[in-house]
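Colleague: So here's work.csv, just CSV, C-alpha atoms:
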```
chain,number,residue,atom,x,y,z
A,1,MET,CA,35.3,143.9,58.5
A,2,VAL,CA,33.2,145.5,55.8
A,3,SER,CA,29.7,144.1,55.7
A,4,ARG,CA,28.1,142.6,52.7
A,5,VAL,CA,25.7,144.7,50.5
A,6,ARG,CA,22.2,143.3,49.9
A,7,VAL,CA,20.7,144.4,46.6
A,8,TRP,CA,17.2,143.8,45.3
A,9,LEU,CA,16.1,143.9,41.6
A,10,ASN,CA,12.3,143.6,41.1
A,11,ARG,CA,10.8,142.2,37.9
A,12,THR,CA,13.7,143.3,35.8
A,13,TYR,CA,14.8,142.4,32.3
A,14,ALA,CA,16.5,139.1,31.6
A,15,GLU,CA,19.6,140.9,30.4
A,16,ASN,CA,20.2,142.2,33.9
A,17,VAL,CA,21.8,138.9,34.8
A,18,PHE,CA,24.9,140.7,33.6
A,19,PHE,CA,24.2,143.7,35.9
A,20,MET,CA,24.1,141.2,38.7
A,21,ASP,CA,27.4,139.5,37.6
A,22,GLN,CA,29.1,142.9,37.7
A,23,LEU,CA,27.9,143.7,41.2
A,24,ARG,CA,29.5,140.5,42.4
A,25,ARG,CA,32.8,141.2,40.5
A,26,ASN,CA,33.1,144.7,41.9
A,27,PRO,CA,36.5,146.3,42.1
A,28,SER,CA,36.1,147.0,45.8
A,29,ASP,CA,36.0,143.2,46.4
A,30,ARG,CA,33.0,143.7,48.6
A,31,ALA,CA,30.6,140.9,49.2
A,32,VAL,CA,27.3,141.4,47.4
A,33,GLU,CA,24.2,139.3,47.8
A,34,ILE,CA,21.4,139.7,45.3
A,35,HIS,CA,17.7,139.2,45.8
A,36,ALA,CA,15.4,139.0,42.8
A,37,THR,CA,11.7,138.9,42.3
A,38,HIS,CA,9.7,138.3,39.1
A,39,GLY,CA,6.3,137.3,37.9
A,40,ASP,CA,7.8,134.7,35.5
A,41,PRO,CA,9.3,131.6,37.3
A,42,ASP,CA,11.5,131.0,34.2
A,43,SER,CA,13.1,134.4,34.3
A,44,PRO,CA,16.9,133.9,34.3
A,45,VAL,CA,17.3,136.6,36.9
A,46,LEU,CA,15.7,134.3,39.5
A,47,ALA,CA,18.4,131.7,38.9
A,48,ALA,CA,21.1,134.2,38.9
A,49,ALA,CA,20.2,135.7,42.3
A,50,ASP,CA,21.3,134.4,45.7
A,51,THR,CA,17.6,134.5,46.9
A,52,ALA,CA,14.5,134.9,44.8
A,53,GLU,CA,10.7,135.0,45.0
A,54,LEU,CA,7.8,135.0,42.7
A,55,GLU,CA,5.9,138.3,42.9
A,56,PRO,CA,2.2,138.3,43.6
A,57,GLU,CA,0.1,139.2,40.6
A,58,GLY,CA,-2.6,141.8,40.4
A,59,LEU,CA,-1.3,144.2,43.1
A,60,SER,CA,-2.2,147.9,42.7
A,61,PRO,CA,0.7,150.3,42.8
A,62,ALA,CA,-0.1,151.1,46.5
A,63,ALA,CA,-0.3,147.5,47.4
A,64,TYR,CA,2.9,146.8,45.6
A,65,VAL,CA,4.6,149.5,47.7
A,66,GLU,CA,3.5,147.7,50.9
A,67,TYR,CA,4.8,144.4,49.4
A,68,ALA,CA,8.2,146.1,48.6
A,69,LEU,CA,8.6,147.6,52.0
A,70,THR,CA,7.9,144.1,53.6
A,71,GLN,CA,10.5,142.6,51.3
A,72,CYS,CA,13.1,145.2,52.2
A,73,GLU,CA,12.5,144.8,55.9
A,74,ARG,CA,12.4,141.0,55.8
A,75,ARG,CA,15.4,140.6,53.5
A,76,GLY,CA,17.6,143.3,55.0
A,77,ILE,CA,17.8,145.1,51.6
A,78,ASP,CA,20.5,147.8,51.5
A,79,VAL,CA,19.8,149.0,47.9
A,80,PHE,CA,16.6,148.5,45.9
A,81,VAL,CA,16.7,148.9,42.1
A,82,PRO,CA,13.0,149.3,41.2
A,83,ARG,CA,11.6,148.8,37.7
A,84,LEU,CA,8.0,147.7,38.2
A,85,HIS,CA,5.9,150.4,39.8
A,86,GLN,CA,8.9,152.7,40.0
A,87,ALA,CA,6.8,155.9,40.3
A,88,ALA,CA,4.8,154.6,43.2
A,89,ILE,CA,7.9,153.3,45.0
A,90,VAL,CA,10.0,156.5,44.7
A,91,ALA,CA,7.0,158.5,46.1
A,92,HIS,CA,7.6,156.6,49.4
A,93,ARG,CA,11.4,157.0,49.5
A,94,ALA,CA,11.3,158.2,53.2
A,95,GLU,CA,9.6,155.0,54.2
A,96,PHE,CA,12.2,152.9,52.5
A,97,GLU,CA,15.0,154.9,54.1
A,98,ALA,CA,13.4,154.4,57.5
A,99,ALA,CA,13.6,150.6,56.8
A,100,GLY,CA,17.3,151.0,56.0
A,101,THR,CA,16.9,150.7,52.2
A,102,ALA,CA,18.3,153.2,49.7
A,103,LEU,CA,16.4,153.5,46.4
A,104,LEU,CA,18.6,153.4,43.3
A,105,ALA,CA,16.1,155.6,41.3
A,106,PRO,CA,15.3,159.2,40.6
A,107,PRO,CA,13.0,161.4,42.8
A,108,PRO,CA,9.3,161.2,42.0
A,109,GLU,CA,9.3,164.6,40.1
A,110,ALA,CA,11.8,163.3,37.6
A,111,VAL,CA,10.1,160.0,37.1
A,112,ALA,CA,6.7,161.8,36.5
A,113,VAL,CA,8.2,163.9,33.7
A,114,PHE,CA,9.4,160.9,31.7
A,115,GLU,CA,6.4,158.6,32.2
A,116,ASP,CA,4.6,160.3,29.4
A,117,LYS,CA,6.5,160.9,26.2
A,118,VAL,CA,4.5,164.0,25.3
A,119,VAL,CA,5.2,165.6,28.7
A,120,ALA,CA,8.8,164.6,28.3
A,121,TYR,CA,9.2,166.1,24.8
A,122,GLN,CA,7.6,169.4,25.9
A,123,ALA,CA,9.8,169.5,29.0
A,124,VAL,CA,13.1,168.7,27.2
A,125,GLU,CA,12.3,171.1,24.4
A,126,SER,CA,11.9,173.9,27.0
A,127,ILE,CA,15.5,173.5,28.1
A,128,GLY,CA,16.8,173.7,24.5
A,129,VAL,CA,17.4,170.0,23.7
A,130,PRO,CA,16.1,169.2,20.1
A,131,VAL,CA,13.2,166.8,19.7
A,132,PRO,CA,11.5,165.5,16.6
A,133,PRO,CA,8.2,167.0,15.4
A,134,TRP,CA,5.4,165.0,17.1
A,135,TRP,CA,1.6,164.8,17.3
A,136,ARG,CA,-0.4,163.2,20.1
A,137,VAL,CA,-3.3,161.3,18.5
A,138,ARG,CA,-6.4,159.5,19.9
A,139,ASP,CA,-8.5,158.6,16.9
A,140,ALA,CA,-8.4,158.0,13.2
A,141,ASP,CA,-8.9,161.6,12.0
A,142,GLU,CA,-6.0,162.8,14.2
A,143,LEU,CA,-3.8,160.0,13.0
A,144,LEU,CA,-4.5,160.8,9.3
A,145,ALA,CA,-3.9,164.5,9.8
A,146,ALA,CA,-0.5,163.8,11.5
A,147,VAL,CA,0.6,161.3,8.8
A,148,GLU,CA,-0.3,163.7,6.0
A,149,GLU,CA,1.6,166.6,7.6
A,150,LEU,CA,4.7,164.5,8.1
A,151,GLU,CA,4.5,163.2,4.5
A,152,ARG,CA,4.1,166.8,3.3
A,153,LEU,CA,7.4,167.6,5.2
A,154,GLY,CA,9.1,164.7,3.5
A,155,HIS,CA,9.1,162.3,6.4
A,156,ARG,CA,8.0,158.8,6.8
A,157,ALA,CA,5.5,158.5,9.7
A,158,CYS,CA,5.6,156.1,12.6
A,159,PHE,CA,3.8,155.8,15.9
A,160,LYS,CA,4.2,154.4,19.4
A,161,PRO,CA,2.4,154.5,22.7
A,162,ALA,CA,2.7,157.8,24.6
A,163,ALA,CA,3.6,155.7,27.6
A,164,GLY,CA,5.7,152.6,27.4
A,165,ALA,CA,9.3,151.3,27.1
A,166,GLY,CA,11.4,149.0,25.1
A,167,GLY,CA,10.0,149.7,21.7
A,168,VAL,CA,6.7,148.0,22.5
A,169,GLY,CA,3.9,149.1,20.2
A,170,PHE,CA,6.3,150.9,17.7
A,171,ARG,CA,5.0,150.7,14.1
A,172,MET,CA,5.9,152.4,10.8
A,173,ILE,CA,3.2,153.6,8.5
A,174,THR,CA,3.1,152.5,4.9
A,175,ARG,CA,0.7,153.7,2.1
A,176,GLY,CA,0.8,150.4,0.1
A,177,PRO,CA,-2.0,147.9,0.5
A,178,PHE,CA,-1.5,144.7,2.6
A,179,SER,CA,-0.1,142.0,0.3
A,180,LEU,CA,1.6,138.6,0.2
A,181,SER,CA,5.0,140.3,0.3
A,182,GLN,CA,4.2,141.2,3.9
A,183,LEU,CA,3.6,137.6,4.8
A,184,LYS,CA,7.1,136.5,3.6
A,185,GLY,CA,10.0,136.2,6.0
A,186,PHE,CA,9.8,137.4,9.6
A,187,PRO,CA,7.0,139.8,10.7
A,188,GLY,CA,8.1,143.5,10.6
A,189,PRO,CA,7.0,146.8,12.2
A,190,GLN,CA,5.4,148.1,9.0
A,191,VAL,CA,1.6,148.5,8.9
A,192,PRO,CA,-0.6,149.9,6.1
A,193,LEU,CA,-2.3,153.1,6.9
A,194,ASP,CA,-5.7,152.0,5.7
A,195,LEU,CA,-5.7,149.0,8.1
A,196,VAL,CA,-4.7,151.2,11.0
A,197,LEU,CA,-7.4,153.8,10.3
A,198,GLU,CA,-10.0,151.0,9.9
A,199,SER,CA,-9.0,149.5,13.3
A,200,LEU,CA,-9.2,152.9,15.0
A,201,ARG,CA,-12.6,153.6,13.6
A,202,ARG,CA,-13.8,150.2,14.9
A,203,ALA,CA,-12.2,150.7,18.3
A,204,GLU,CA,-14.5,151.3,21.2
A,205,GLU,CA,-11.9,153.4,23.1
A,206,PRO,CA,-9.5,156.1,22.0
A,207,VAL,CA,-5.8,155.3,21.7
A,208,ASP,CA,-3.0,157.4,23.1
A,209,TRP,CA,-0.2,157.4,20.5
A,210,LEU,CA,2.7,159.6,19.7
A,211,VAL,CA,3.1,160.1,15.9
A,212,MET,CA,6.5,161.3,14.7
A,213,PRO,CA,8.9,160.9,11.8
A,214,ARG,CA,10.9,157.8,11.4
A,215,LEU,CA,14.3,158.7,12.8
A,216,GLU,CA,17.5,157.5,11.2
A,217,GLN,CA,20.6,155.7,12.5
A,218,PRO,CA,22.9,155.8,14.3
A,219,GLU,CA,21.1,155.4,17.6
A,220,VAL,CA,23.1,156.6,20.6
A,221,SER,CA,22.1,155.5,24.1
A,222,VAL,CA,23.9,157.7,26.7
A,223,ASP,CA,24.1,156.0,30.1
A,224,CYS,CA,24.3,158.5,32.9
A,225,LEU,CA,25.1,158.3,36.5
A,226,THR,CA,23.9,161.4,38.4
A,227,GLY,CA,24.3,162.2,42.1
A,228,PRO,CA,21.6,163.7,44.4
A,229,ASP,CA,23.4,167.0,43.8
A,230,ASN,CA,22.2,166.9,40.2
A,231,ARG,CA,25.8,166.6,38.9
A,232,VAL,CA,26.6,163.9,36.4
A,233,ARG,CA,29.4,161.6,37.5
A,234,LEU,CA,29.5,159.5,34.3
A,235,ALA,CA,28.1,159.8,30.7
A,236,ILE,CA,29.1,157.4,27.9
A,237,GLY,CA,27.3,156.8,24.7
A,238,ARG,CA,26.6,153.4,23.2
A,239,THR,CA,26.2,153.6,19.5
A,240,LYS,CA,24.0,151.3,17.4
A,241,HIS,CA,24.0,151.0,13.6
A,242,GLY,CA,22.4,147.8,12.4
A,243,ARG,CA,24.3,144.9,14.0
A,244,ARG,CA,27.4,147.0,14.8
A,245,ARG,CA,27.7,148.5,18.3
A,246,GLY,CA,30.3,150.8,19.7
A,247,PHE,CA,31.0,153.6,22.1
A,248,THR,CA,31.4,157.4,21.9
A,249,LEU,CA,32.4,160.4,24.1
A,250,HIS,CA,31.4,162.9,21.4
A,251,GLU,CA,29.8,166.0,23.0
A,252,ARG,CA,27.1,166.2,20.3
A,253,TRP,CA,25.5,163.2,22.2
A,254,LEU,CA,26.8,163.7,25.7
A,255,GLU,CA,26.1,167.4,26.2
A,256,PRO,CA,22.3,167.2,25.6
A,257,ALA,CA,22.2,164.0,27.8
A,258,ARG,CA,23.9,165.9,30.7
A,259,GLN,CA,21.5,168.8,30.2
A,260,ILE,CA,18.6,166.4,30.7
A,261,ALA,CA,20.1,164.4,33.5
A,262,GLU,CA,21.1,167.4,35.5
A,263,GLY,CA,18.2,169.7,34.5
A,264,PHE,CA,15.6,167.2,35.6
A,265,GLY,CA,17.4,165.5,38.5
A,266,LEU,CA,17.7,162.1,37.0
A,267,HIS,CA,19.5,160.8,40.0
A,268,HIS,CA,21.4,157.5,39.9
A,269,LEU,CA,21.2,155.6,36.6
A,270,SER,CA,19.3,156.8,33.5
A,271,ASN,CA,19.5,156.1,29.8
A,272,ILE,CA,18.9,158.9,27.3
A,273,GLN,CA,18.5,157.9,23.6
A,274,PHE,CA,19.0,159.9,20.5
A,275,ARG,CA,18.7,159.4,16.8
A,276,MET,CA,19.2,161.5,13.7
A,277,LEU,CA,16.7,163.8,12.1
A,278,GLY,CA,18.4,164.9,8.9
A,279,ASP,CA,21.9,166.0,10.0
A,280,ARG,CA,21.2,166.6,13.7
A,281,PRO,CA,20.7,164.4,16.7
A,282,VAL,CA,17.2,164.6,18.4
A,283,LEU,CA,15.9,163.0,21.5
A,284,MET,CA,14.2,159.7,21.0
A,285,ASP,CA,13.5,158.5,24.6
A,286,VAL,CA,14.5,158.8,28.2
A,287,ASN,CA,14.6,155.9,30.6
A,288,THR,CA,14.7,156.6,34.4
A,289,ARG,CA,16.2,153.2,35.1
A,290,PRO,CA,19.4,151.3,34.2
A,291,ALA,CA,19.4,150.3,30.6
A,292,GLY,CA,19.5,146.6,29.8
A,293,GLY,CA,22.7,147.1,27.9
A,294,LEU,CA,24.5,149.0,30.7
A,295,HIS,CA,26.8,146.0,31.3
A,296,GLN,CA,28.3,146.6,27.9
A,297,LEU,CA,30.3,149.5,29.3
A,298,SER,CA,32.5,146.9,30.9
A,299,LEU,CA,34.2,146.8,27.5
A,300,CYS,CA,35.4,150.3,28.3
A,301,GLY,CA,37.0,149.1,31.6
A,302,ILE,CA,34.4,150.4,34.0
A,303,ASN,CA,31.9,148.7,36.4
A,304,VAL,CA,28.9,151.1,36.3
A,305,PRO,CA,26.5,149.0,38.4
A,306,TRP,CA,28.9,149.0,41.3
A,307,ALA,CA,29.6,152.7,41.0
A,308,ALA,CA,25.8,153.3,41.1
A,309,VAL,CA,25.4,151.1,44.2
A,310,ARG,CA,28.2,153.0,45.9
A,311,LEU,CA,26.5,156.3,45.1
A,312,ALA,CA,23.2,155.0,46.5
A,313,LEU,CA,24.9,154.1,49.7
A,314,GLY,CA,26.4,157.6,50.1
A,315,ASP,CA,29.9,156.6,49.0
A,316,ASP,CA,30.4,159.0,46.1
A,317,PRO,CA,32.7,157.5,43.4
A,318,GLY,CA,33.4,160.9,42.0
A,319,GLU,CA,33.7,161.7,38.3
A,320,ILE,CA,34.2,158.5,36.3
A,321,SER,CA,36.0,158.5,32.9
A,322,PRO,CA,36.6,155.3,31.0
A,323,PRO,CA,40.3,154.4,30.7
A,324,PHE,CA,39.6,153.5,27.1
A,325,LEU,CA,36.8,153.0,24.6
A,326,GLY,CA,36.2,149.3,23.7
A,327,GLN,CA,36.3,148.1,20.1
A,328,ASP,CA,33.1,147.7,18.1
A,329,TYR,CA,31.2,144.6,18.9
A,330,THR,CA,27.9,142.9,18.3
A,331,VAL,CA,25.4,141.2,20.6
A,332,VAL,CA,24.6,137.5,20.6
A,333,SER,CA,22.4,135.2,22.7
A,334,GLY,CA,23.8,132.6,25.0
A,335,PRO,CA,22.4,130.0,27.5
A,336,ARG,CA,21.8,130.9,31.1
A,337,PRO,CA,20.6,128.5,33.9
A,338,LEU,CA,17.0,128.3,34.9
A,339,LEU,CA,15.6,127.1,38.2
A,340,PRO,CA,14.4,123.5,38.2
A,341,VAL,CA,10.7,123.0,37.7
A,342,THR,CA,10.5,121.6,41.2
A,343,VAL,CA,11.2,124.9,42.8
A,344,PRO,CA,12.2,126.3,45.1
A,345,ARG,CA,14.8,125.7,47.8
A,346,GLN,CA,16.3,127.8,50.6
A,347,ARG,CA,20.1,127.8,50.9
A,348,THR,CA,21.1,127.4,54.5
A,349,GLY,CA,24.9,127.0,54.8
A,350,SER,CA,26.0,124.0,52.9
A,351,SER,CA,22.6,122.4,52.8
A,352,THR,CA,19.5,123.1,50.6
A,353,VAL,CA,16.0,122.7,51.8
A,354,THR,CA,13.0,122.1,49.5
A,355,GLY,CA,9.9,124.3,50.2
A,356,THR,CA,7.6,126.8,48.7
A,357,LEU,CA,8.9,129.5,46.3
A,358,ASP,CA,10.6,131.7,48.9
A,359,ALA,CA,14.4,132.0,48.3
A,360,LEU,CA,16.2,130.2,45.5
A,361,PRO,CA,20.0,129.7,45.3
A,362,ALA,CA,21.8,130.9,42.2
A,363,GLN,CA,24.0,127.8,42.2
A,364,THR,CA,21.3,125.6,40.9
A,365,THR,CA,21.7,122.7,38.4
A,366,PRO,CA,19.3,123.8,35.7
A,367,THR,CA,16.8,121.6,33.9
A,368,GLY,CA,17.5,123.5,30.7
A,369,PRO,CA,19.0,126.7,29.3
A,370,ARG,CA,17.3,130.0,28.6
A,371,ALA,CA,18.9,132.6,26.3
A,372,ALA,CA,19.8,136.0,27.6
A,373,SER,CA,21.4,138.6,25.3
A,374,GLY,CA,24.7,140.3,26.1
A,375,ALA,CA,27.8,141.7,24.7
A,376,LEU,CA,30.8,139.5,23.9
A,377,GLN,CA,33.0,139.8,27.0
```
Would you mind writing the file out in C-alpha cells?
Modeller:
Amino acid sequence: MVSRVRVWLNRTYAENVFFMDQLRRNPSDRAVEIHATHGDPDSPVLAAADTAELEPEGLSPAAYVEYALTQCERRGIDVFVPRLHQAAIVAHRAEFEAAGTALLAPPPEAVAVFEDKVVAYQAVESIGVPVPPWWRVRDADELLAAVEELERLGHRACFKPAAGAGGVGFRMITRGPFSLSQLKGFPGPQVPLDLVLESLRRAEEPVDWLVMPRLEQPEVSVDCLTGPDNRVRLAIGRTKHGRRRGFTLHERWLEPARQIAEGFGLHHLSNIQFRMLGDRPVLMDVNTRPAGGLHQLSLCGINVPWAAVRLALGDDPGEISPPFLGQDYTVVSGPRPLLPVTVPRQRTGSSTVTGTLDALPAQTTPTGPRAASGALQ
C-alpha cells in the first residue's frame, strides 16, 4: 500500500487554496494531507488544510528555521513548500533532509540571485536574456536623473522596490501636478514626480528603488518545473492582456525562460515574467516559488503541483507537455470557507476536539466566506 504524502505550505498566498485542491485531486490517486501555517487566522489556506497552525510573529530568519524544522519533525512532513524566509530555509536543506523532509524550492545560490532585482537583471543580462534599461536609486537626485534619462529616450518612468514581490510598491511617474482628477474613482499607481522628490528629500533614510521604463502588454508569466539536474521538465506561458488571460508555447517567451531556469538552477517551481519593450520581450521579474496562478494550467489538462511534489520526492515525472492549450479566460473572485472564530479544533478520527490553535480540520462549517481569486474551472 502506497503511503500518503504530507505537504506543508507556510504563510502562502490565499490563491494557493487551488494548489492544495490540485494536490488532493492528483492523477496518481495518492492520498495527500496538507499542513498550513499562517500569521493571519482568517487566511483561507488554514481552512483548506487538513491541519493548520498560526505562526509565531517576530521570529528572525534563523529562529524561523528552527521553528520550521520542529514543524517538519512533529508533523512528519514529506515535502515543504517554503515561501516565508525561503532563503534561510534552503540554506539548511541538509537538516531538513535529515528530518525526512524534501524542500520544494531552489538551492540557496539561485534564491540569492533573484532576491535583489538589480543583481538579477545583471546576472540574466550576462547570459544573453534581454532586460529593460534600469537605474538603482537611493535619493531624490538619483531618481530625477533616471527619470529625465528615460524621458529623453521616449519612455515613461516607473519605480518599484529593488527587493519585493507581487507588485508591492510599484508606481508610475507623472509630470502633472496633483489634482482633483486623481481623487476620482479608485486609487491608481500614478504619482506626481514633484511629490515623490519632496518625500525623498524629507526622508531620514535612503530608499532602494529600481527605476525603469513602463513596460507594455502582453505580460507573459512562464511557469517552469526544473529538476535538480538543471533540466526543465515543463515550461508554459500564461498570457495577460487586461482582463483577458490565455496560454502560449511560443518560443519567444519559453526559450529565455528555459535559459534562466536552467542557467541559474531554479530547481522545482519558478515563475519567470516578461513584458514588451517596443517590439521585443524583456524580463520583468523572476519568482523562485510557485506562482499564485499556477493552478490555472489545469485548463491545459495538467496538474503541475502534483508533478512538482513527485519531483521533490525523487519520482521524476519526465518532460511534461500539455495535451492542449485551454481557451482564453478571465479571473473572478469566489467565496472560500474560513475557520470559525472559536478556533481551533483537532481532528481525531470521526470526532473533533476543541483546544488551542494547533491543528484545524479543513471540513469546517464556516462562520462566513472570504474571497479567493482563481480561474474559472
Colleague: Go ahead and compute the interatomic distance for atom CA of Phe170 of chain A and atom CA of Asn10 of chain A, in Å to one decimal.
Modeller: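 Computed distance, atom CA of Phe170 of chain A to atom CA of Asn10 of chain A, equals 25.2 Å.
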Colleague: Counting all atoms listed in the file, which residue out of A:Asp223, A:Asp40, A:Asp316, A:Glu53 sits closest to Leu269 of chain A?
Modeller: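 Smallest distance to Leu269 of chain A is found for A:Asp223.
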Colleague: Where does segment 139-258 of chain A meet segment 99-110 of chain A within 12 Å, residue by residue, with the nearest atom pair and distance in Å to one decimal for each, counting only C-alpha atoms, listed by chain and rising number, as CSV?
Modeller:
```
residue,atom,partner,partner_atom,distance
A:Cys224,CA,A:Pro106,CA,11.9
A:Leu225,CA,A:Ala105,CA,10.6
A:Thr226,CA,A:Pro106,CA,9.1
A:Gly227,CA,A:Pro106,CA,9.6
A:Pro228,CA,A:Pro106,CA,8.6
A:Asp229,CA,A:Pro106,CA,11.7
A:Asn230,CA,A:Pro106,CA,10.3
```
Colleague: Kindly indicate which residue among A:Gly326, A:Gly263, A:Gly154, A:Pro317 lies nearest to Ser126 of chain A, using all atoms listed in the file for the distances.
Modeller: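 Of A:Gly326, A:Gly263, A:Gly154, A:Pro317, the one nearest Ser126 of chain A, counting all atoms listed in the file, is A:Gly263.
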Colleague: Select, from A:Val79, A:Cys72, A:Phe114, A:His92, the residue with the minimum atom-to-atom distance to Leu313 of chain A, counting all atoms listed in the file.
Modeller: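 So, comparing all the options, the nearest one is A:Val79.
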Colleague: Which distance in Å separates atom CA of Asp116 of chain A and atom CA of Val7 of chain A, to one decimal?
Modeller: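 For atom CA of Asp116 of chain A relative to atom CA of Val7 of chain A, the distance reads 28.4 Å.
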Colleague: Which residue out of A:Phe274, A:His268, A:Thr248, A:Leu183 has the minimum interatomic distance to Pro218 of chain A when all atoms listed in the file are used?
Modeller: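 Ranking A:Phe274, A:His268, A:Thr248, A:Leu183 by distance to Pro218 of chain A, first place goes to A:Phe274.
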Colleague: Can you write out as a tab-separated table which residues of segment 110-137 of chain A fall within 7 Å of segment 191-210 of chain A, alongside each residue's closest atom pair and its distance in Å to one decimal, counting all atoms listed in the file and ordering rows by chain and ascending residue number?
Modeller:
```
residue	atom	partner	partner_atom	distance
A:Trp134	CA	A:Leu210	CA	6.6
A:Trp135	CA	A:Leu210	CA	5.8
A:Arg136	CA	A:Leu210	CA	4.8
A:Val137	CA	A:Trp209	CA	5.4
```
Colleague: Can you pull out the residues contacting Tyr121 of chain A? Cut-off 9 Å, using all atoms listed in the file, and skip same-chain residues under 3 positions away; I want them as a VMD selection string.
Modeller: chain A and resid 114 116 to 118 124 to 126 130 to 132 134 283 to 285
Colleague: Quote the spacing between atom CA of Ser28 of chain A and atom CA of Gly293 of chain A in Å to one decimal place.
Modeller: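 According to the coordinates, atom CA of Ser28 of chain A and atom CA of Gly293 of chain A are separated by 22.4 Å.
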Colleague: Considering all atoms listed in the file, state which residue in the set A:Ile272, A:Val211, A:Ala62, A:Val45 is at the smallest distance from Pro290 of chain A.
Modeller: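 With all atoms listed in the file as the atom set, the closest residue is A:Ile272.
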Colleague: Of the candidates A:Arg289, A:Arg258, A:Arg310, A:His267, which shows the shortest atom-to-atom distance to Tyr13 of chain A, using all atoms listed in the file?
Modeller: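 Using all atoms listed in the file, Tyr13 of chain A sits closest to A:Arg289.
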Colleague: So which residues touch His241 of chain A within 10 Å, counting only C-alpha atoms, skipping near sequence neighbours fewer than 5 positions away, as JSON, numbers by chain?
Modeller: {"A": [216, 217, 218, 219, 220, 246]}
Colleague: What's the 12 Å shell around Trp8 of chain A, counting only C-alpha atoms, without same-chain residues fewer than 6 positions away, as JSON, numbers by chain?
Modeller: {"A": [16, 19, 20, 23, 32, 33, 34, 35, 36, 37, 38, 45, 46, 49, 50, 51, 52, 53, 68, 69, 71, 72, 73, 74, 75, 76, 77, 78, 79, 80, 81, 82, 83, 101, 102, 103, 104, 309]}
Colleague: Go ahead and save the picked residues with C-alpha atoms, as a compact mmCIF listing (two decimals), in the coordinates of the input.
Modeller:
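File produced: again-v7.txt:
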```
# COMPACT_ATOMS: atom_id res chain seq x y z
CA ASN A 16 20.20 142.20 33.90
CA PHE A 19 24.20 143.70 35.90
CA MET A 20 24.10 141.20 38.70
CA LEU A 23 27.90 143.70 41.20
CA VAL A 32 27.30 141.40 47.40
CA GLU A 33 24.20 139.30 47.80
CA ILE A 34 21.40 139.70 45.30
CA HIS A 35 17.70 139.20 45.80
CA ALA A 36 15.40 139.00 42.80
CA THR A 37 11.70 138.90 42.30
CA HIS A 38 9.70 138.30 39.10
CA VAL A 45 17.30 136.60 36.90
CA LEU A 46 15.70 134.30 39.50
CA ALA A 49 20.20 135.70 42.30
CA ASP A 50 21.30 134.40 45.70
CA THR A 51 17.60 134.50 46.90
CA ALA A 52 14.50 134.90 44.80
CA GLU A 53 10.70 135.00 45.00
CA ALA A 68 8.20 146.10 48.60
CA LEU A 69 8.60 147.60 52.00
CA GLN A 71 10.50 142.60 51.30
CA CYS A 72 13.10 145.20 52.20
CA GLU A 73 12.50 144.80 55.90
CA ARG A 74 12.40 141.00 55.80
CA ARG A 75 15.40 140.60 53.50
CA GLY A 76 17.60 143.30 55.00
CA ILE A 77 17.80 145.10 51.60
CA ASP A 78 20.50 147.80 51.50
CA VAL A 79 19.80 149.00 47.90
CA PHE A 80 16.60 148.50 45.90
CA VAL A 81 16.70 148.90 42.10
CA PRO A 82 13.00 149.30 41.20
CA ARG A 83 11.60 148.80 37.70
CA THR A 101 16.90 150.70 52.20
CA ALA A 102 18.30 153.20 49.70
CA LEU A 103 16.40 153.50 46.40
CA LEU A 104 18.60 153.40 43.30
CA VAL A 309 25.40 151.10 44.20
```
Colleague: Enumerate, as a list in words, the protein, DNA and RNA residues whose atoms approach (30.0, 146.4, 18.8) to within 6 Å, taking into account all atoms listed in the file and the coordinate frame of the file.
Modeller: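 Here is the list of nearby residues: Arg244, Arg245, Gly246, Asp328, Tyr329 and Thr330 of chain A.
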Colleague: At most 6 Å from (26.2, 156.6, 30.4), file frame, only C-alpha atoms: which residues, as a list in words?
Modeller: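 Here the neighbourhood of the point contains Val222, Asp223, Cys224, Leu234, Ala235, Ile236 and Gly237 of chain A.
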